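Undergrad: Okay, here's the structure, questions in a sec.
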Amino acid sequence: MFQINTRGPIYDPAAVQPMRDELTAAGFTELLTPADVDTFLGQKEGTTLVMINSVCGCAAGSARPGVTLALQNKLIPNRIVTVFAGQDRDAVDHLRNAYLPGIPPSSPYMALFKNGEVVYLMQRMNIEGKTADMVAEELTAAFNEHCTFEGPSVPKEQYDAILHAKACGSKIPKYSGN
């Protein structure tokens, strides 16, 4: 149905690339368009973790480091995907409207789907004020309860090489379209 993004990014794509790289290095697949969202969330069997990435400080300090640590667990979701709020805007809107209806928008945000149904949510309000270890502990408990796919998402050596981007939105330049 959808093929291209109709709205450009809010922040300079080069400035947020390290925030994307942090997740893809841990094994995440980026969903850049509404069609990408449908492709992955249309797969109802098994488990899918969706992370709505963000430029905010709690994404940098807790959410991204926490989710990448949790994916070192012995049980993880079958699929791990991410969309970036303020960047892949059409994909994020489609995810929220089609797969998370009635749930207030927030970012960062993590949702675990099992057989097409949401079984676990971690919204921004559940992330703020927590350490990365606390986020990882909560996610790991959800993975242990709902997932059967063998982890980790990437070998320990690859995980250890991940550079966690510590910038937050107030320091990132807005995208000027050039």
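The way I read the labels, and the way they are meant: chains A, B, ... in the order of the structure tokens, residue 1 as the first residue of every chain, and ligand 1 as the first ligand shown, with later ones counted on from there.
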Extract, using only C-alpha atoms, all DNA, RNA and protein residues at most 9 Å from Glu117 in chain A, discarding same-chain residues fewer than 3 positions from it, and format them as a ChimeraX atom specification.

TA: /A:44,99,112-114

Undergrad: Would you mind exporting the chosen residues as a compact mmCIF listing (two decimals), in the first residue's frame, restricted to C-alpha atoms?

TA:
```
# COMPACT_ATOMS: atom_id res chain seq x y z
CA LYS A 44 2.08 -13.15 12.89
CA TYR A 99 -0.45 -1.99 15.08
CA LEU A 112 6.76 -7.16 22.05
CA PHE A 113 4.30 -8.90 19.76
CA LYS A 114 3.55 -12.61 20.06
```

Undergrad: Closest to Asp88 in chain A among A:Gly177, A:Gly27, A:Pro9, A:Pro65, using only C-alpha atoms?

TA: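 Among the listed residues, A:Pro9 lies closest to Asp88 in chain A.
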
Undergrad: Quick one: residues within 8 Å of Met110 in chain A, only C-alpha atoms, excluding same-chain residues fewer than 6 positions away - as a compact mmCIF listing (two decimals) with C-alpha atoms, in the first residue's frame?

TA:
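Final file, around-v7.txt:
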```txt
# COMPACT_ATOMS: atom_id res chain seq x y z
CA LEU A 49 10.22 -6.74 19.22
CA VAL A 50 9.63 -3.26 17.85
CA MET A 51 11.62 -0.34 19.19
CA ILE A 52 10.60 3.19 18.34
CA LEU A 121 4.93 -2.63 26.34
CA MET A 122 7.66 -0.36 27.63
CA GLN A 123 6.72 3.24 27.01
```

Undergrad: Neighbours of Ser107 in chain A within 10 Å (only C-alpha atoms; same-chain residues fewer than 5 positions away dropped), as an NGL selection string?

TA: :A and (51-56 or 58-59 or 63 or 84-86 or 122-125 or 127)

Undergrad: Go ahead and compute the interatomic distance for CA of Gly151 in chain A and CA of Ala70 in chain A, in Å to one decimal.

TA: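 Straight-line distance from CA of Gly151 in chain A to CA of Ala70 in chain A works out to 9.7 Å.
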
Undergrad: As an exercise, work out the distance from CA of Gln72 in chain A to CA of Met134 in chain A in Å and give it to one decimal place.

TA: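 Separating CA of Gln72 in chain A from CA of Met134 in chain A is a distance of 14.4 Å.
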
Undergrad: Would you kindly return, as an NGL selection string, each protein, DNA or RNA residue with an atom no farther than 9 Å from any atom of Leu139 in chain A, considering only C-alpha atoms and excluding same-chain residues fewer than 4 positions away?

TA: :A and (66-67 or 70-71 or 120 or 122 or 134-135 or 143-144)

Undergrad: Now that the selection is made, can you save its residues with N, CA and C atoms as a PDB file, in the first residue's frame?

TA:
```pdb
ATOM      1  N   GLY A  66      19.910  -0.496  27.058  1.00  0.00           N
ATOM      2  CA  GLY A  66      19.155  -1.541  27.750  1.00  0.00           C
ATOM      3  C   GLY A  66      18.643  -2.616  26.816  1.00  0.00           C
ATOM      4  N   VAL A  67      18.091  -2.205  25.684  1.00  0.00           N
ATOM      5  CA  VAL A  67      17.550  -3.205  24.751  1.00  0.00           C
ATOM      6  C   VAL A  67      18.669  -4.022  24.112  1.00  0.00           C
ATOM      7  N   ALA A  70      19.674  -6.557  26.708  1.00  0.00           N
ATOM      8  CA  ALA A  70      18.646  -7.594  26.838  1.00  0.00           C
ATOM      9  C   ALA A  70      18.721  -8.612  25.706  1.00  0.00           C
ATOM     10  N   LEU A  71      19.132  -8.168  24.535  1.00  0.00           N
ATOM     11  CA  LEU A  71      19.221  -9.073  23.382  1.00  0.00           C
ATOM     12  C   LEU A  71      20.427 -10.001  23.453  1.00  0.00           C
ATOM     13  N   TYR A 120       3.644  -7.179  25.599  1.00  0.00           N
ATOM     14  CA  TYR A 120       4.466  -6.408  26.529  1.00  0.00           C
ATOM     15  C   TYR A 120       4.740  -5.040  25.921  1.00  0.00           C
ATOM     16  N   MET A 122       6.811  -1.218  26.811  1.00  0.00           N
ATOM     17  CA  MET A 122       7.659  -0.365  27.634  1.00  0.00           C
ATOM     18  C   MET A 122       7.642   1.010  26.976  1.00  0.00           C
ATOM     19  N   MET A 134      18.400  -1.699  34.356  1.00  0.00           N
ATOM     20  CA  MET A 134      17.012  -1.890  34.785  1.00  0.00           C
ATOM     21  C   MET A 134      16.104  -2.158  33.580  1.00  0.00           C
ATOM     22  N   VAL A 135      16.319  -1.417  32.506  1.00  0.00           N
ATOM     23  CA  VAL A 135      15.547  -1.638  31.272  1.00  0.00           C
ATOM     24  C   VAL A 135      15.822  -3.048  30.754  1.00  0.00           C
ATOM     25  N   PHE A 143      11.170 -11.366  27.630  1.00  0.00           N
ATOM     26  CA  PHE A 143      11.678 -12.348  26.655  1.00  0.00           C
ATOM     27  C   PHE A 143      11.581 -13.753  27.221  1.00  0.00           C
ATOM     28  N   ASN A 144      11.963 -13.925  28.479  1.00  0.00           N
ATOM     29  CA  ASN A 144      11.917 -15.250  29.096  1.00  0.00           C
ATOM     30  C   ASN A 144      10.495 -15.783  29.188  1.00  0.00           C
TER      31      ASN A 144
END
```

Undergrad: Quote the spacing between CA of Asn115 in chain A and CA of Asp90 in chain A in Å to one decimal place.

TA: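 A separation of 24.2 Å between them.
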
Undergrad: Write out as a VMD selection string all residues of range 30-80 of chain A that backbone DSSP assigns to strand (DSSP E).

TA: chain A and resid 30 47 to 53 75 to 76 79 to 80

Undergrad: Identify, with DSSP run on backbone atoms, the residues in range 67-148 of chain A assigned to alpha helix (DSSP H), and express the list as number ranges by chain.

TA: A: 67-70, 89-94, 124-127, 132-146

Undergrad: If you keep N, CA and C atoms, can you produce a file of those selected residues as a PDB file, in the first residue's frame?

TA:
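Resulting contents of result-v6.pdb:
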```
ATOM      1  N   VAL A  67      18.091  -2.205  25.684  1.00  0.00           N
ATOM      2  CA  VAL A  67      17.550  -3.205  24.751  1.00  0.00           C
ATOM      3  C   VAL A  67      18.669  -4.022  24.112  1.00  0.00           C
ATOM      4  N   THR A  68      19.796  -3.388  23.813  1.00  0.00           N
ATOM      5  CA  THR A  68      20.893  -4.166  23.216  1.00  0.00           C
ATOM      6  C   THR A  68      21.447  -5.170  24.221  1.00  0.00           C
ATOM      7  N   LEU A  69      21.510  -4.784  25.496  1.00  0.00           N
ATOM      8  CA  LEU A  69      21.948  -5.714  26.539  1.00  0.00           C
ATOM      9  C   LEU A  69      20.954  -6.862  26.699  1.00  0.00           C
ATOM     10  N   ALA A  70      19.674  -6.557  26.708  1.00  0.00           N
ATOM     11  CA  ALA A  70      18.646  -7.594  26.838  1.00  0.00           C
ATOM     12  C   ALA A  70      18.721  -8.612  25.706  1.00  0.00           C
ATOM     13  N   ARG A  89       9.113   9.145   9.664  1.00  0.00           N
ATOM     14  CA  ARG A  89       7.846   9.602  10.229  1.00  0.00           C
ATOM     15  C   ARG A  89       6.637   8.847   9.713  1.00  0.00           C
ATOM     16  N   ASP A  90       6.594   8.545   8.429  1.00  0.00           N
ATOM     17  CA  ASP A  90       5.454   7.807   7.885  1.00  0.00           C
ATOM     18  C   ASP A  90       5.415   6.382   8.433  1.00  0.00           C
ATOM     19  N   ALA A  91       6.572   5.765   8.562  1.00  0.00           N
ATOM     20  CA  ALA A  91       6.639   4.402   9.114  1.00  0.00           C
ATOM     21  C   ALA A  91       6.189   4.396  10.574  1.00  0.00           C
ATOM     22  N   VAL A  92       6.628   5.376  11.355  1.00  0.00           N
ATOM     23  CA  VAL A  92       6.235   5.456  12.760  1.00  0.00           C
ATOM     24  C   VAL A  92       4.728   5.675  12.882  1.00  0.00           C
ATOM     25  N   ASP A  93       4.197   6.601  12.103  1.00  0.00           N
ATOM     26  CA  ASP A  93       2.756   6.861  12.149  1.00  0.00           C
ATOM     27  C   ASP A  93       1.960   5.617  11.779  1.00  0.00           C
ATOM     28  N   HIS A  94       2.411   4.908  10.755  1.00  0.00           N
ATOM     29  CA  HIS A  94       1.707   3.693  10.334  1.00  0.00           C
ATOM     30  C   HIS A  94       1.780   2.623  11.429  1.00  0.00           C
ATOM     31  N   ARG A 124       7.860   5.353  27.107  1.00  0.00           N
ATOM     32  CA  ARG A 124       8.832   6.317  27.618  1.00  0.00           C
ATOM     33  C   ARG A 124       8.683   6.504  29.126  1.00  0.00           C
ATOM     34  N   MET A 125       7.433   6.571  29.603  1.00  0.00           N
ATOM     35  CA  MET A 125       7.219   6.779  31.038  1.00  0.00           C
ATOM     36  C   MET A 125       7.745   5.604  31.863  1.00  0.00           C
ATOM     37  N   ASN A 126       7.897   4.424  31.239  1.00  0.00           N
ATOM     38  CA  ASN A 126       8.450   3.256  31.925  1.00  0.00           C
ATOM     39  C   ASN A 126       9.965   3.172  31.794  1.00  0.00           C
ATOM     40  N   ILE A 127      10.548   4.079  31.013  1.00  0.00           N
ATOM     41  CA  ILE A 127      11.996   4.094  30.766  1.00  0.00           C
ATOM     42  C   ILE A 127      12.668   5.221  31.539  1.00  0.00           C
ATOM     43  N   ALA A 132      20.142   1.612  32.188  1.00  0.00           N
ATOM     44  CA  ALA A 132      20.125   0.639  31.103  1.00  0.00           C
ATOM     45  C   ALA A 132      19.974  -0.776  31.656  1.00  0.00           C
ATOM     46  N   ASP A 133      20.635  -1.064  32.776  1.00  0.00           N
ATOM     47  CA  ASP A 133      20.524  -2.396  33.382  1.00  0.00           C
ATOM     48  C   ASP A 133      19.095  -2.694  33.827  1.00  0.00           C
ATOM     49  N   MET A 134      18.400  -1.699  34.356  1.00  0.00           N
ATOM     50  CA  MET A 134      17.012  -1.890  34.785  1.00  0.00           C
ATOM     51  C   MET A 134      16.104  -2.158  33.580  1.00  0.00           C
ATOM     52  N   VAL A 135      16.319  -1.417  32.506  1.00  0.00           N
ATOM     53  CA  VAL A 135      15.547  -1.638  31.272  1.00  0.00           C
ATOM     54  C   VAL A 135      15.822  -3.048  30.754  1.00  0.00           C
ATOM     55  N   ALA A 136      17.095  -3.433  30.720  1.00  0.00           N
ATOM     56  CA  ALA A 136      17.463  -4.770  30.239  1.00  0.00           C
ATOM     57  C   ALA A 136      16.829  -5.856  31.090  1.00  0.00           C
ATOM     58  N   GLU A 137      16.809  -5.659  32.386  1.00  0.00           N
ATOM     59  CA  GLU A 137      16.227  -6.661  33.285  1.00  0.00           C
ATOM     60  C   GLU A 137      14.735  -6.861  33.008  1.00  0.00           C
ATOM     61  N   GLU A 138      14.009  -5.762  32.811  1.00  0.00           N
ATOM     62  CA  GLU A 138      12.576  -5.862  32.514  1.00  0.00           C
ATOM     63  C   GLU A 138      12.327  -6.522  31.158  1.00  0.00           C
ATOM     64  N   LEU A 139      13.110  -6.132  30.159  1.00  0.00           N
ATOM     65  CA  LEU A 139      12.956  -6.740  28.836  1.00  0.00           C
ATOM     66  C   LEU A 139      13.309  -8.227  28.867  1.00  0.00           C
ATOM     67  N   THR A 140      14.374  -8.559  29.568  1.00  0.00           N
ATOM     68  CA  THR A 140      14.790  -9.961  29.664  1.00  0.00           C
ATOM     69  C   THR A 140      13.685 -10.799  30.294  1.00  0.00           C
ATOM     70  N   ALA A 141      13.021 -10.285  31.315  1.00  0.00           N
ATOM     71  CA  ALA A 141      11.911 -11.011  31.937  1.00  0.00           C
ATOM     72  C   ALA A 141      10.788 -11.245  30.921  1.00  0.00           C
ATOM     73  N   ALA A 142      10.494 -10.229  30.097  1.00  0.00           N
ATOM     74  CA  ALA A 142       9.464 -10.381  29.058  1.00  0.00           C
ATOM     75  C   ALA A 142       9.903 -11.406  28.019  1.00  0.00           C
ATOM     76  N   PHE A 143      11.170 -11.366  27.630  1.00  0.00           N
ATOM     77  CA  PHE A 143      11.678 -12.348  26.655  1.00  0.00           C
ATOM     78  C   PHE A 143      11.581 -13.753  27.221  1.00  0.00           C
ATOM     79  N   ASN A 144      11.963 -13.925  28.479  1.00  0.00           N
ATOM     80  CA  ASN A 144      11.917 -15.250  29.096  1.00  0.00           C
ATOM     81  C   ASN A 144      10.495 -15.783  29.188  1.00  0.00           C
ATOM     82  N   GLU A 145       9.525 -14.892  29.348  1.00  0.00           N
ATOM     83  CA  GLU A 145       8.122 -15.301  29.442  1.00  0.00           C
ATOM     84  C   GLU A 145       7.503 -15.613  28.088  1.00  0.00           C
ATOM     85  N   HIS A 146       7.872 -14.846  27.049  1.00  0.00           N
ATOM     86  CA  HIS A 146       7.138 -14.930  25.784  1.00  0.00           C
ATOM     87  C   HIS A 146       7.929 -15.483  24.594  1.00  0.00           C
TER      88      HIS A 146
END
```

Undergrad: Can you list, as a PyMOL selection string, every protein, DNA or RNA residue that comes within 10 Å of Thr24 in chain A when you count only C-alpha atoms, leaving out same-chain residues fewer than 3 positions away?

TA: chain A and resi 18-21+27-30+68+80-82+162

Undergrad: Given the choices A:Leu95, A:Ile103, A:Leu163, A:Leu31, which gets closest to Val83 in chain A if the distance is worked out from only C-alpha atoms?

TA: A:Leu31

Undergrad: Between A:Asn78, A:Thr131, A:Asn73, A:Asn97, single out the one closest to Lys156 in chain A, counting only C-alpha atoms.

TA: A:Asn73
